[in-house]
$ cat target30.pdb   # PDB, C-alpha atoms
ATOM      1  CA  MET U   1      27.190  40.498-112.896
ATOM      2  CA  ILE U   2      23.632  40.801-111.554
ATOM      3  CA  GLU U   3      22.601  42.431-114.817
ATOM      4  CA  SER U   4      24.521  39.993-117.055
ATOM      5  CA  ARG U   5      21.558  37.637-117.615
ATOM      6  CA  ARG U   6      18.130  36.778-116.342
ATOM      7  CA  PHE U   7      18.328  34.917-113.050
ATOM      8  CA  SER U   8      15.518  32.876-111.549
ATOM      9  CA  ALA U   9      16.860  32.757-107.973
ATOM     10  CA  ALA U  10      19.430  34.069-105.527
ATOM     11  CA  VAL U  11      20.630  32.599-102.244
ATOM     12  CA  PHE U  12      21.926  34.958 -99.576
ATOM     13  CA  VAL U  13      24.169  33.290 -96.994
ATOM     14  CA  GLY U  14      25.824  35.083 -94.092
ATOM     15  CA  GLY U  15      27.621  38.082 -95.485
ATOM     16  CA  MET U  16      28.642  41.556 -94.547
ATOM     17  CA  GLU U  17      27.630  45.056 -95.603
ATOM     18  CA  GLY U  18      27.954  44.509 -99.377
ATOM     19  CA  ILE U  19      25.243  41.871 -99.328
ATOM     20  CA  TYR U  20      22.568  44.539 -98.721
ATOM     21  CA  GLU U  21      23.436  46.303-101.966
ATOM     22  CA  GLU U  22      23.608  42.984-103.842
ATOM     23  CA  HIS U  23      20.165  42.043-102.515
ATOM     24  CA  LYS U  24      18.694  45.415-103.491
ATOM     25  CA  LEU U  25      20.174  45.245-107.011
ATOM     26  CA  PHE U  26      19.049  41.657-107.470
ATOM     27  CA  VAL U  27      15.452  42.363-106.452
ATOM     28  CA  GLU U  28      15.342  45.490-108.658
ATOM     29  CA  HIS U  29      16.630  43.657-111.738
ATOM     30  CA  HIS U  30      14.884  40.321-111.129
ATOM     31  CA  PRO U  31      11.584  41.124-109.366
ATOM     32  CA  LYS U  32      10.004  37.748-110.176
ATOM     33  CA  ALA U  33      12.994  35.680-109.057
ATOM     34  CA  THR U  34      13.025  33.522-105.945
ATOM     35  CA  VAL U  35      15.067  35.010-103.094
ATOM     36  CA  LEU U  36      16.336  32.729-100.342
ATOM     37  CA  PRO U  37      17.842  34.666 -97.403
ATOM     38  CA  LEU U  38      19.138  31.931 -95.109
ATOM     39  CA  SER U  39      18.536  33.566 -91.749
ATOM     40  CA  THR U  40      20.031  30.615 -89.873
ATOM     41  CA  THR U  41      23.493  31.524 -91.210
ATOM     42  CA  GLY U  42      23.251  34.835 -89.352
ATOM     43  CA  ALA U  43      24.943  38.104 -90.300
ATOM     44  CA  ALA U  44      23.495  40.136 -93.191
ATOM     45  CA  ALA U  45      21.344  37.281 -94.516
ATOM     46  CA  LYS U  46      19.460  37.265 -91.215
ATOM     47  CA  ILE U  47      18.842  41.017 -91.425
ATOM     48  CA  ILE U  48      17.628  40.711 -95.044
ATOM     49  CA  TYR U  49      15.229  37.992 -93.884
ATOM     50  CA  GLN U  50      13.980  40.102 -90.965
ATOM     51  CA  GLN U  51      13.404  43.169 -93.150
ATOM     52  CA  GLY U  52      11.487  41.304 -95.855
ATOM     53  CA  GLU U  53       8.484  39.072 -96.161
ATOM     54  CA  TYR U  54       9.960  35.608 -96.554
ATOM     55  CA  ASP U  55       8.867  32.096 -95.730
ATOM     56  CA  PRO U  56       9.409  31.432 -91.982
ATOM     57  CA  ILE U  57      11.204  28.227 -92.925
ATOM     58  CA  PHE U  58      14.298  30.341 -93.689
ATOM     59  CA  SER U  59      14.555  31.271 -90.021
ATOM     60  CA  ARG U  60      14.692  27.694 -88.734
ATOM     61  CA  ASP U  61      15.602  25.141 -91.416
ATOM     62  CA  ARG U  62      19.276  24.134 -91.453
ATOM     63  CA  THR U  63      18.927  21.203 -93.850
ATOM     64  CA  TYR U  64      19.949  23.363 -96.786
ATOM     65  CA  SER U  65      20.032  20.685 -99.480
ATOM     66  CA  SER U  66      16.410  19.708 -98.875
ATOM     67  CA  LEU U  67      15.421  23.363 -98.465
ATOM     68  CA  PHE U  68      16.949  24.152-101.871
ATOM     69  CA  ARG U  69      15.148  21.212-103.470
ATOM     70  CA  ARG U  70      11.817  22.350-102.036
ATOM     71  CA  LYS U  71      12.249  26.005-102.971
ATOM     72  CA  LEU U  72      14.216  25.870-106.231
ATOM     73  CA  LEU U  73      13.215  22.757-108.151
ATOM     74  CA  PRO U  74       9.986  22.702-110.144
ATOM     75  CA  VAL U  75       7.129  20.643-108.775
ATOM     76  CA  ASP U  76       6.007  17.790-111.032
TER
END
$ encode --input "target30.pdb" --output "structure tokens"
Amino acid sequence: MIESRRFSAAVFVGGMEGIYEEHKLFVEHHPKATVLPLSTTGAAAKIIYQQGEYDPIFSRDRTYSSLFRRKLLPVD
């Protein structure tokens, strides 16, 4: 599925072991895409956040709808 089309973003929420492989595949196939590892949901998403270089907002912001608007919608 990750290779089925060109994606512009991925959101990683919680998760277990399989999320690491999904993250790796996504980044390999879509290197210019936005990646949002929501650390505040814990589990694998938190580890992905900690191992990468992501905006610190992902470690504290729990207002996901506004976070998605800020990070995913184009700025006018």
$ resolve_selection --input "target30.pdb" --expression "the PyMOL selection byres ((chain U and resi 51-58) around 10)" --output "list in words"
Val35, Leu36, Pro37, Leu38, Ser39, Thr40, Thr41, Ala45, Lys46, Ile47, Ile48, Tyr49, Gln50, Ser59, Arg60, Asp61, Arg62, Tyr64 and Leu67 of chain U
$ atom_distance --input "target30.pdb" --atom1 "atom CA of U:Leu73" --atom2 "atom CA of U:Met1"
23.1 Å
$ closest_residue --input "target30.pdb" --among "U:Glu3, U:Ala9, U:Glu21, U:Phe68" --to "U:Ala33" --atoms "only C-alpha atoms"
U:Ala9
$ closest_residue --input "target30.pdb" --among "U:Leu72, U:Ala10, U:Ile19, U:Ile2" --to "U:Ala44" --atoms "all atoms listed in the file"
U:Ile19
$ atom_distance --input "target30.pdb" --atom1 "atom CA of U:Thr63" --atom2 "atom CA of U:Ala43"
18.3 Å
$ closest_residue --input "target30.pdb" --among "U:Thr34, U:Lys71, U:Gly42, U:His29" --to "U:Gly15" --atoms "all atoms listed in the file"
U:Gly42
$ atom_distance --input "target30.pdb" --atom1 "atom CA of U:Phe12" --atom2 "atom CA of U:His30"
14.6 Å
$ build_atoms --input "target30.pdb" --residues "stretch 26-47 of chain U" --atoms "N, CA and C atoms" --output "CSV table (one decimal), in the frame of the given file"
chain,number,residue,atom,x,y,z
U,26,PHE,N,19.6,42.9,-106.9
U,26,PHE,CA,19.0,41.7,-107.5
U,26,PHE,C,17.5,41.8,-107.6
U,27,VAL,N,16.9,42.2,-106.5
U,27,VAL,CA,15.5,42.4,-106.5
U,27,VAL,C,15.0,43.4,-107.5
U,28,GLU,N,15.7,44.5,-107.7
U,28,GLU,CA,15.3,45.5,-108.7
U,28,GLU,C,15.4,44.9,-110.1
U,29,HIS,N,16.4,44.2,-110.4
U,29,HIS,CA,16.6,43.7,-111.7
U,29,HIS,C,15.9,42.3,-112.0
U,30,HIS,N,15.5,41.6,-111.0
U,30,HIS,CA,14.9,40.3,-111.1
U,30,HIS,C,13.7,40.2,-110.2
U,31,PRO,N,12.7,41.1,-110.3
U,31,PRO,CA,11.6,41.1,-109.4
U,31,PRO,C,10.8,39.8,-109.2
U,32,LYS,N,10.8,39.0,-110.2
U,32,LYS,CA,10.0,37.7,-110.2
U,32,LYS,C,10.8,36.5,-109.7
U,33,ALA,N,12.1,36.8,-109.5
U,33,ALA,CA,13.0,35.7,-109.1
U,33,ALA,C,12.7,35.3,-107.6
U,34,THR,N,13.1,34.0,-107.3
U,34,THR,CA,13.0,33.5,-105.9
U,34,THR,C,14.2,34.0,-105.2
U,35,VAL,N,14.0,34.5,-104.0
U,35,VAL,CA,15.1,35.0,-103.1
U,35,VAL,C,15.1,34.2,-101.8
U,36,LEU,N,16.2,33.6,-101.5
U,36,LEU,CA,16.3,32.7,-100.3
U,36,LEU,C,17.4,33.3,-99.4
U,37,PRO,N,16.9,34.2,-98.4
U,37,PRO,CA,17.8,34.7,-97.4
U,37,PRO,C,17.9,33.7,-96.2
U,38,LEU,N,19.0,33.0,-96.1
U,38,LEU,CA,19.1,31.9,-95.1
U,38,LEU,C,19.5,32.6,-93.8
U,39,SER,N,18.4,32.9,-93.0
U,39,SER,CA,18.5,33.6,-91.7
U,39,SER,C,19.4,32.8,-90.8
U,40,THR,N,19.3,31.5,-90.8
U,40,THR,CA,20.0,30.6,-89.9
U,40,THR,C,21.5,30.7,-90.0
U,41,THR,N,22.0,31.3,-91.1
U,41,THR,CA,23.5,31.5,-91.2
U,41,THR,C,23.9,32.8,-90.5
U,42,GLY,N,23.0,33.6,-90.1
U,42,GLY,CA,23.3,34.8,-89.4
U,42,GLY,C,23.7,36.0,-90.2
U,43,ALA,N,24.4,36.9,-89.6
U,43,ALA,CA,24.9,38.1,-90.3
U,43,ALA,C,23.9,38.8,-91.2
U,44,ALA,N,24.3,39.3,-92.3
U,44,ALA,CA,23.5,40.1,-93.2
U,44,ALA,C,22.3,39.4,-93.7
U,45,ALA,N,22.5,38.1,-94.0
U,45,ALA,CA,21.3,37.3,-94.5
U,45,ALA,C,20.2,37.3,-93.5
U,46,LYS,N,20.5,37.2,-92.2
U,46,LYS,CA,19.5,37.3,-91.2
U,46,LYS,C,18.7,38.6,-91.2
U,47,ILE,N,19.5,39.7,-91.4
U,47,ILE,CA,18.8,41.0,-91.4
U,47,ILE,C,18.0,41.2,-92.7
